[in-house]
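Engineer: Okay, so here is data-v5.cif, and as you'll see once you scroll down, it has mmCIF, C-alpha atoms.
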```
data_upload
loop_
_atom_site.group_PDB
_atom_site.id
_atom_site.type_symbol
_atom_site.label_atom_id
_atom_site.label_comp_id
_atom_site.auth_asym_id
_atom_site.auth_seq_id
_atom_site.Cartn_x
_atom_site.Cartn_y
_atom_site.Cartn_z
ATOM 1 C CA MET D 1 52.193 92.114 178.656
ATOM 2 C CA SER D 2 53.558 89.203 176.636
ATOM 3 C CA SER D 3 54.393 89.526 172.985
ATOM 4 C CA SER D 4 52.163 87.989 170.317
ATOM 5 C CA TRP D 5 51.458 88.117 166.596
ATOM 6 C CA ASN D 6 49.104 90.764 165.251
ATOM 7 C CA ALA D 7 48.320 89.005 161.955
ATOM 8 C CA VAL D 8 47.777 85.265 161.651
ATOM 9 C CA GLY D 9 48.782 85.317 157.984
ATOM 10 C CA LEU D 10 52.156 86.868 158.782
ATOM 11 C CA GLU D 11 52.704 84.355 161.574
ATOM 12 C CA VAL D 12 52.080 81.494 159.146
ATOM 13 C CA LEU D 13 54.385 83.078 156.565
ATOM 14 C CA TYR D 14 57.049 83.514 159.261
ATOM 15 C CA GLN D 15 56.897 79.822 160.130
ATOM 16 C CA VAL D 16 56.901 78.748 156.475
ATOM 17 C CA LEU D 17 59.924 80.902 155.608
ATOM 18 C CA GLY D 18 61.737 79.708 158.726
ATOM 19 C CA TRP D 19 61.267 76.009 158.039
ATOM 20 C CA VAL D 20 62.018 76.297 154.328
ATOM 21 C CA ALA D 21 65.224 78.131 155.309
ATOM 22 C CA PHE D 22 65.932 75.337 157.786
ATOM 23 C CA PHE D 23 65.621 72.644 155.123
ATOM 24 C CA ALA D 24 67.641 74.643 152.578
ATOM 25 C CA TRP D 25 70.457 75.283 155.048
ATOM 26 C CA SER D 26 70.307 71.744 156.427
ATOM 27 C CA PHE D 27 70.385 70.103 152.989
ATOM 28 C CA SER D 28 73.258 72.397 152.020
ATOM 29 C CA PHE D 29 75.603 70.193 154.064
ATOM 30 C CA TYR D 30 74.824 67.023 152.122
ATOM 31 C CA PRO D 31 76.192 67.812 148.628
ATOM 32 C CA GLN D 32 79.694 68.187 150.108
ATOM 33 C CA VAL D 33 79.343 65.001 152.171
ATOM 34 C CA VAL D 34 78.130 63.084 149.099
ATOM 35 C CA LEU D 35 80.874 64.563 146.912
ATOM 36 C CA ASN D 36 83.528 63.502 149.431
ATOM 37 C CA TYR D 37 82.042 60.009 149.545
ATOM 38 C CA LYS D 38 81.907 59.615 145.763
ATOM 39 C CA ARG D 39 85.472 60.831 145.278
ATOM 40 C CA LYS D 40 86.806 59.134 148.430
ATOM 41 C CA SER D 41 88.767 62.354 148.695
ATOM 42 C CA VAL D 42 88.534 65.736 150.413
ATOM 43 C CA VAL D 43 91.144 67.376 148.183
ATOM 44 C CA GLY D 44 89.852 70.831 147.285
ATOM 45 C CA LEU D 45 87.852 71.219 150.511
ATOM 46 C CA ASN D 46 89.623 73.627 152.845
ATOM 47 C CA PHE D 47 90.115 72.188 156.339
ATOM 48 C CA ASP D 48 90.371 75.609 157.981
ATOM 49 C CA PHE D 49 86.848 76.284 156.723
ATOM 50 C CA LEU D 50 85.574 73.148 158.462
ATOM 51 C CA VAL D 51 87.241 73.894 161.806
ATOM 52 C CA LEU D 52 86.090 77.509 161.832
ATOM 53 C CA ASN D 53 82.630 76.387 160.728
ATOM 54 C CA LEU D 54 82.371 73.961 163.639
ATOM 55 C CA THR D 55 83.264 76.746 166.061
ATOM 56 C CA LYS D 56 80.719 78.988 164.385
ATOM 57 C CA HIS D 57 77.836 76.514 164.534
ATOM 58 C CA SER D 58 78.657 75.402 168.079
ATOM 59 C CA SER D 59 78.531 79.032 169.241
ATOM 60 C CA TYR D 60 75.283 79.620 167.374
ATOM 61 C CA LEU D 61 73.777 76.508 168.971
ATOM 62 C CA VAL D 62 74.604 77.822 172.444
ATOM 63 C CA TYR D 63 72.898 81.142 171.655
ATOM 64 C CA ASN D 64 69.806 79.693 169.983
ATOM 65 C CA ALA D 65 69.182 76.884 172.471
ATOM 66 C CA ALA D 66 69.732 79.079 175.533
ATOM 67 C CA LEU D 67 67.455 81.903 174.378
ATOM 68 C CA PHE D 68 64.766 79.541 173.058
ATOM 69 C CA PHE D 69 64.565 77.181 176.062
ATOM 70 C CA SER D 70 65.550 79.285 179.100
ATOM 71 C CA PRO D 71 62.718 81.335 180.693
ATOM 72 C CA PHE D 72 65.324 83.136 182.816
ATOM 73 C CA ILE D 73 67.272 84.365 179.785
ATOM 74 C CA GLN D 74 64.011 85.265 178.044
ATOM 75 C CA ARG D 75 63.116 87.462 181.034
ATOM 76 C CA GLN D 76 66.511 89.151 180.781
ATOM 77 C CA TYR D 77 65.841 89.744 177.067
ATOM 78 C CA HIS D 78 62.448 91.329 177.805
ATOM 79 C CA ASP D 79 63.977 93.464 180.558
ATOM 80 C CA LYS D 80 66.453 94.801 178.016
ATOM 81 C CA TYR D 81 64.238 95.231 174.954
ATOM 82 C CA GLY D 82 60.706 95.413 176.420
ATOM 83 C CA ASP D 83 57.969 92.946 177.362
ATOM 84 C CA LYS D 84 56.151 93.416 174.076
ATOM 85 C CA GLU D 85 59.115 92.263 171.997
ATOM 86 C CA MET D 86 59.083 88.705 170.671
ATOM 87 C CA ILE D 87 61.991 86.374 171.296
ATOM 88 C CA PRO D 88 64.000 86.509 168.036
ATOM 89 C CA VAL D 89 64.814 82.804 167.998
ATOM 90 C CA ALA D 90 62.446 80.266 166.439
ATOM 91 C CA ALA D 91 62.308 76.473 166.732
ATOM 92 C CA ASN D 92 63.800 76.147 163.251
ATOM 93 C CA ASP D 93 66.869 78.111 164.405
ATOM 94 C CA VAL D 94 67.542 75.588 167.162
ATOM 95 C CA ALA D 95 66.911 72.624 164.862
ATOM 96 C CA PHE D 96 69.256 74.043 162.242
ATOM 97 C CA SER D 97 72.056 74.628 164.742
ATOM 98 C CA LEU D 98 71.842 71.077 166.089
ATOM 99 C CA HIS D 99 71.898 69.631 162.596
ATOM 100 C CA ALA D 100 74.736 71.937 161.491
ATOM 101 C CA VAL D 101 77.016 70.911 164.351
ATOM 102 C CA ALA D 102 76.398 67.227 163.641
ATOM 103 C CA LEU D 103 76.985 67.465 159.866
ATOM 104 C CA THR D 104 80.069 69.679 160.193
ATOM 105 C CA ALA D 105 81.548 67.221 162.679
ATOM 106 C CA PHE D 106 80.799 64.355 160.268
ATOM 107 C CA THR D 107 82.479 66.206 157.400
ATOM 108 C CA LEU D 108 85.553 66.644 159.600
ATOM 109 C CA PHE D 109 85.432 62.901 160.207
ATOM 110 C CA GLN D 110 85.596 62.397 156.433
ATOM 111 C CA VAL D 111 88.829 64.401 156.411
ATOM 112 C CA PHE D 112 90.446 61.708 158.547
ATOM 113 C CA ILE D 113 89.272 58.728 156.487
ATOM 114 C CA TYR D 114 89.555 59.997 152.885
ATOM 115 C CA GLU D 115 92.430 61.072 150.659
ATOM 116 C CA ARG D 116 93.483 64.587 151.596
ATOM 117 C CA GLY D 117 96.698 65.091 149.600
ATOM 118 C CA ASN D 118 99.091 67.466 151.319
ATOM 119 C CA GLN D 119 96.324 69.613 152.817
ATOM 120 C CA LYS D 120 96.232 70.265 156.546
ATOM 121 C CA ILE D 121 94.793 72.638 159.126
ATOM 122 C CA SER D 122 96.829 75.843 159.292
ATOM 123 C CA LYS D 123 98.493 77.166 162.439
ATOM 124 C CA VAL D 124 96.530 80.389 162.010
ATOM 125 C CA CYS D 125 93.249 78.471 162.163
ATOM 126 C CA ILE D 126 94.368 76.527 165.230
ATOM 127 C CA SER D 127 95.396 79.765 166.934
ATOM 128 C CA ILE D 128 92.112 81.518 166.133
ATOM 129 C CA THR D 129 90.076 78.572 167.393
ATOM 130 C CA ALA D 130 92.095 78.324 170.628
ATOM 131 C CA ILE D 131 91.789 82.064 171.296
ATOM 132 C CA VAL D 132 88.030 82.080 170.645
ATOM 133 C CA TRP D 133 87.249 79.188 172.971
ATOM 134 C CA THR D 134 89.591 80.512 175.660
ATOM 135 C CA ALA D 135 87.782 83.859 175.487
ATOM 136 C CA ALA D 136 84.421 82.068 175.725
ATOM 137 C CA ILE D 137 85.505 80.261 178.877
ATOM 138 C CA VAL D 138 86.723 83.532 180.417
ATOM 139 C CA CYS D 139 83.365 85.143 179.623
ATOM 140 C CA LEU D 140 81.565 82.209 181.255
ATOM 141 C CA ILE D 141 83.590 82.732 184.424
ATOM 142 C CA VAL D 142 82.792 86.466 184.374
ATOM 143 C CA ALA D 143 79.062 85.948 183.772
ATOM 144 C CA TRP D 144 78.556 83.193 186.349
ATOM 145 C CA PRO D 145 78.573 85.179 189.670
ATOM 146 C CA LYS D 146 75.856 87.672 188.610
ATOM 147 C CA SER D 147 73.984 85.335 186.237
ATOM 148 C CA ASN D 148 74.565 87.618 183.252
ATOM 149 C CA TRP D 149 73.440 84.868 180.898
ATOM 150 C CA LEU D 150 71.957 87.140 178.241
ATOM 151 C CA TRP D 151 75.285 88.928 177.990
ATOM 152 C CA LEU D 152 77.081 85.582 177.802
ATOM 153 C CA ILE D 153 74.966 84.189 174.975
ATOM 154 C CA ASP D 154 75.364 87.512 173.178
ATOM 155 C CA VAL D 155 79.101 86.812 173.323
ATOM 156 C CA PHE D 156 78.506 83.448 171.668
ATOM 157 C CA ASN D 157 76.302 85.177 169.105
ATOM 158 C CA SER D 158 79.158 87.588 168.385
ATOM 159 C CA ILE D 159 81.526 84.639 168.017
ATOM 160 C CA GLN D 160 79.309 83.041 165.380
ATOM 161 C CA VAL D 161 79.132 86.340 163.486
ATOM 162 C CA GLY D 162 82.919 86.654 163.562
ATOM 163 C CA MET D 163 83.438 83.043 162.513
ATOM 164 C CA THR D 164 80.969 83.463 159.645
ATOM 165 C CA ALA D 165 82.894 86.499 158.448
ATOM 166 C CA ILE D 166 86.226 84.663 158.301
ATOM 167 C CA LYS D 167 85.361 80.982 157.784
ATOM 168 C CA TYR D 168 84.767 81.348 154.033
ATOM 169 C CA ILE D 169 88.013 83.240 153.400
ATOM 170 C CA PRO D 170 90.348 80.184 153.415
ATOM 171 C CA GLN D 171 88.153 78.383 150.862
ATOM 172 C CA ALA D 172 87.846 81.451 148.636
ATOM 173 C CA VAL D 173 91.630 81.944 148.711
ATOM 174 C CA MET D 174 92.207 78.248 148.024
ATOM 175 C CA ASN D 175 89.905 78.368 144.996
ATOM 176 C CA PHE D 176 91.793 81.419 143.750
ATOM 177 C CA LYS D 177 95.211 79.771 144.144
ATOM 178 C CA ARG D 178 94.085 76.552 142.454
ATOM 179 C CA LYS D 179 92.055 78.418 139.819
ATOM 180 C CA SER D 180 89.489 75.692 140.377
ATOM 181 C CA THR D 181 86.448 74.884 142.519
ATOM 182 C CA ILE D 182 86.672 71.118 141.978
ATOM 183 C CA GLY D 183 86.253 69.396 145.316
ATOM 184 C CA TRP D 184 84.120 72.260 146.670
ATOM 185 C CA SER D 185 80.419 71.553 146.163
ATOM 186 C CA ILE D 186 78.432 74.276 144.383
ATOM 187 C CA GLY D 187 75.241 72.531 145.552
ATOM 188 C CA ASN D 188 76.238 73.482 149.084
ATOM 189 C CA ILE D 189 76.522 77.127 148.051
ATOM 190 C CA LEU D 190 73.226 77.342 146.153
ATOM 191 C CA LEU D 191 71.277 75.890 149.069
ATOM 192 C CA ASP D 192 73.220 78.032 151.546
ATOM 193 C CA LEU D 193 72.286 81.165 149.585
ATOM 194 C CA THR D 194 68.638 80.119 149.528
ATOM 195 C CA GLY D 195 68.645 79.663 153.290
ATOM 196 C CA GLY D 196 70.311 83.021 153.865
ATOM 197 C CA VAL D 197 67.778 84.923 151.774
ATOM 198 C CA LEU D 198 64.808 83.143 153.376
ATOM 199 C CA ASN D 199 66.240 83.650 156.867
ATOM 200 C CA PHE D 200 66.465 87.385 156.251
ATOM 201 C CA GLY D 201 62.936 87.355 154.834
ATOM 202 C CA GLN D 202 61.657 85.613 157.953
ATOM 203 C CA MET D 203 63.036 88.407 160.132
ATOM 204 C CA GLY D 204 61.468 90.954 157.818
ATOM 205 C CA VAL D 205 58.036 89.367 158.221
ATOM 206 C CA GLN D 206 58.322 89.526 162.021
ATOM 207 C CA SER D 207 59.430 93.158 161.782
ATOM 208 C CA ILE D 208 56.420 94.063 159.609
ATOM 209 C CA ASP D 209 53.986 92.369 162.004
ATOM 210 C CA GLN D 210 55.446 93.984 165.122
ATOM 211 C CA HIS D 211 56.018 97.396 163.489
ATOM 212 C CA THR D 212 59.545 97.489 164.868
ATOM 213 C CA LEU D 213 63.127 96.735 163.871
ATOM 214 C CA VAL D 214 64.060 95.406 167.305
ATOM 215 C CA ASN D 215 64.218 91.817 166.062
ATOM 216 C CA PHE D 216 66.962 92.880 163.636
ATOM 217 C CA TYR D 217 69.246 94.505 166.212
ATOM 218 C CA GLY D 218 67.969 92.424 169.137
ATOM 219 C CA ASN D 219 69.370 89.401 167.297
ATOM 220 C CA ILE D 220 72.093 91.189 165.348
ATOM 221 C CA GLY D 221 73.887 87.874 164.928
ATOM 222 C CA LYS D 222 71.076 86.422 162.825
ATOM 223 C CA THR D 223 70.906 89.610 160.758
ATOM 224 C CA LEU D 224 74.637 89.716 160.050
ATOM 225 C CA LEU D 225 74.689 85.951 159.458
ATOM 226 C CA SER D 226 72.206 86.284 156.604
ATOM 227 C CA LEU D 227 74.074 89.208 155.033
ATOM 228 C CA GLU D 228 77.460 87.473 155.292
ATOM 229 C CA VAL D 229 76.121 84.240 153.837
ATOM 230 C CA VAL D 230 74.631 86.038 150.835
ATOM 231 C CA PHE D 231 77.854 87.962 150.167
ATOM 232 C CA PHE D 232 80.203 84.972 150.262
ATOM 233 C CA ASP D 233 77.836 82.646 148.422
ATOM 234 C CA ILE D 234 77.609 85.110 145.546
ATOM 235 C CA LEU D 235 81.430 85.221 145.527
ATOM 236 C CA PHE D 236 81.630 81.412 145.309
ATOM 237 C CA ILE D 237 79.027 81.324 142.549
ATOM 238 C CA ILE D 238 81.121 83.796 140.556
ATOM 239 C CA GLN D 239 84.227 81.676 141.138
ATOM 240 C CA HIS D 240 82.488 78.474 140.062
ATOM 241 C CA TYR D 241 80.534 79.640 137.026
ATOM 242 C CA VAL D 242 82.490 82.682 135.798
ATOM 243 C CA LEU D 243 86.122 82.685 136.908
ATOM 244 C CA TYR D 244 86.932 78.966 137.124
ATOM 245 C CA PRO D 245 84.259 77.015 135.189
ATOM 246 C CA VAL D 246 84.702 73.243 135.095
ATOM 247 C CA LYS D 247 86.171 72.005 131.799
ATOM 248 C CA ARG D 248 84.896 68.655 130.555
ATOM 249 C CA ASP D 249 86.219 66.004 128.210
ATOM 250 C CA GLU D 250 84.205 64.354 125.429
ATOM 251 C CA ASN D 251 82.642 61.979 127.974
ATOM 252 C CA GLY D 252 81.460 64.835 130.172
ATOM 253 C CA LYS D 253 84.037 64.195 132.894
ATOM 254 C CA ALA D 254 85.671 67.128 134.675
ATOM 255 C CA ILE D 255 89.181 67.853 133.416
ATOM 256 C CA ILE D 256 91.678 68.563 136.173
ATOM 257 C CA SER D 257 93.850 71.590 135.533
ATOM 258 C CA GLU D 258 97.603 71.116 135.878
ATOM 259 C CA ARG D 259 97.589 73.867 138.470
ATOM 260 C CA VAL D 260 95.679 71.519 140.782
ATOM 261 C CA ALA D 261 98.149 68.649 140.306
ATOM 262 C CA PRO D 262 100.438 69.432 143.279
ATOM 263 C CA LEU D 263 97.500 68.720 145.592
ATOM 264 C CA ILE D 264 96.929 65.259 144.135
ATOM 265 C CA ARG D 265 99.053 62.130 144.011
ATOM 266 C CA PRO D 266 99.770 60.790 140.510
ATOM 267 C CA SER D 267 97.940 57.591 141.388
ATOM 268 C CA ASP D 268 94.650 59.399 141.996
ATOM 269 C CA LYS D 269 91.785 58.710 139.628
ATOM 270 C CA PRO D 270 90.065 61.522 137.704
ATOM 271 C CA GLU D 271 87.702 63.435 139.975
ATOM 272 C CA GLU D 272 83.921 63.359 139.686
ATOM 273 C CA ASP D 273 81.932 66.497 138.898
ATOM 274 C CA ASN D 274 80.870 68.756 141.747
ATOM 275 C CA VAL D 275 77.564 67.762 143.253
#
```
In structure tokens, how does this file's structure come out?
Structural biologist:
Amino acid sequence: MSSSWNAVGLEVLYQVLGWVAFFAWSFSFYPQVVLNYKRKSVVGLNFDFLVLNLTKHSSYLVYNAALFFSPFIQRQYHDKYGDKEMIPVAANDVAFSLHAVALTAFTLFQVFIYERGNQKISKVCISITAIVWTAAIVCLIVAWPKSNWLWLIDVFNSIQVGMTAIKYIPQAVMNFKRKSTIGWSIGNILLDLTGGVLNFGQMGVQSIDQHTLVNFYGNIGKTLLSLEVVFFDILFIIQHYVLYPVKRDENGKAIISERVAPLIRPSDKPEEDNV
């Protein structure tokens, strides 16, 4: 027996929440891209965050696309969790992942063409990324002979959860050391938080309709993703508005603290406000 919605109203609400979350999360990439363009600089944006974020979104794309499009993997999912359980990946999840990979890659491209001061990708980040992708390849080799594709995409789902947990740390530490969030877009964070809350709400609606919590632990990656996003976004909001608020001159321009100076060449122009 195939899975289906019990209440049309909840199905509509599920789709609405999912697509609003998609647009919030998708638009969250643009404030940083626009800020970089206006400043012609990526000083203040942590490069480790971008590299880890690309790994995260690439892994999430593999999971979402495979489970959404592959009937074979969907059968494996139903064999594991039951035929009545709905696939916990929606079209908006796949669309978001595709868009996220593209925009993160473009932001990395901006790193190469704009002023970046003395910032660079750390050896720790390079090591983590190399280990993660090497492990993914090993898992692919292990899964291939017996077609354990559900297990394999669960590995990628675990990778995206792990990357989400650590990707924000370099930026949070950088903000703390600089005592400033200039160069790091707060617009990105506000939209990211909106998407995380709505994403969690979407899963809750499906859970209410199906009278089960399987969609939460059947797609534990999506559940943990929402919780991690909310936690770190609240941290960044506190940093931006409470701990390191932007000081402005009489013309309303952001005043750069002297503690940020080592990251910037003397010839640089005053930075624009965060988007």
Engineer: Once the PyMOL selection byres ((chain D and resi 21) around 8) has been evaluated on this model, what residues remain selected, and can you format them as an NGL selection string?
Structural biologist: :D and (17-20 or 22-25 or 194-196 or 198-199)
Engineer: Can you list, as a PDB file with C-alpha atoms, in the coordinates of the input, every protein, DNA or RNA residue that comes within 8 Å of Phe156 of chain D when you count only C-alpha atoms, leaving out same-chain residues fewer than 4 positions away?
Structural biologist:
```
ATOM      1  CA  SER D  59      78.531  79.032 169.241  1.00  0.00           C
ATOM      2  CA  TYR D  60      75.283  79.620 167.374  1.00  0.00           C
ATOM      3  CA  VAL D  62      74.604  77.822 172.444  1.00  0.00           C
ATOM      4  CA  TYR D  63      72.898  81.142 171.655  1.00  0.00           C
ATOM      5  CA  ALA D 136      84.421  82.068 175.725  1.00  0.00           C
ATOM      6  CA  LEU D 152      77.081  85.582 177.802  1.00  0.00           C
ATOM      7  CA  GLN D 160      79.309  83.041 165.380  1.00  0.00           C
TER       8      GLN D 160
END
```
Engineer: Using Å and a single decimal, report how far atom CA of Gly44 of chain D sits from atom CA of Ile182 of chain D.
Structural biologist: 6.2 Å
Engineer: Hey, what comes out of the PyMOL selection byres ((chain D and resi 10) around 12) on this file? Could you write it as a PyMOL selection string?
Structural biologist: chain D and resi 4-9+11-18+201-210
Engineer: Evaluate the PyMOL selection byres ((chain D and resi 219) around 12) against this structure - the residues, as a ChimeraX atom specification, please.
Structural biologist: /D:60,63-64,67,77,81,85-90,93,150,153-158,160-161,200,203,207,213-218,220-226
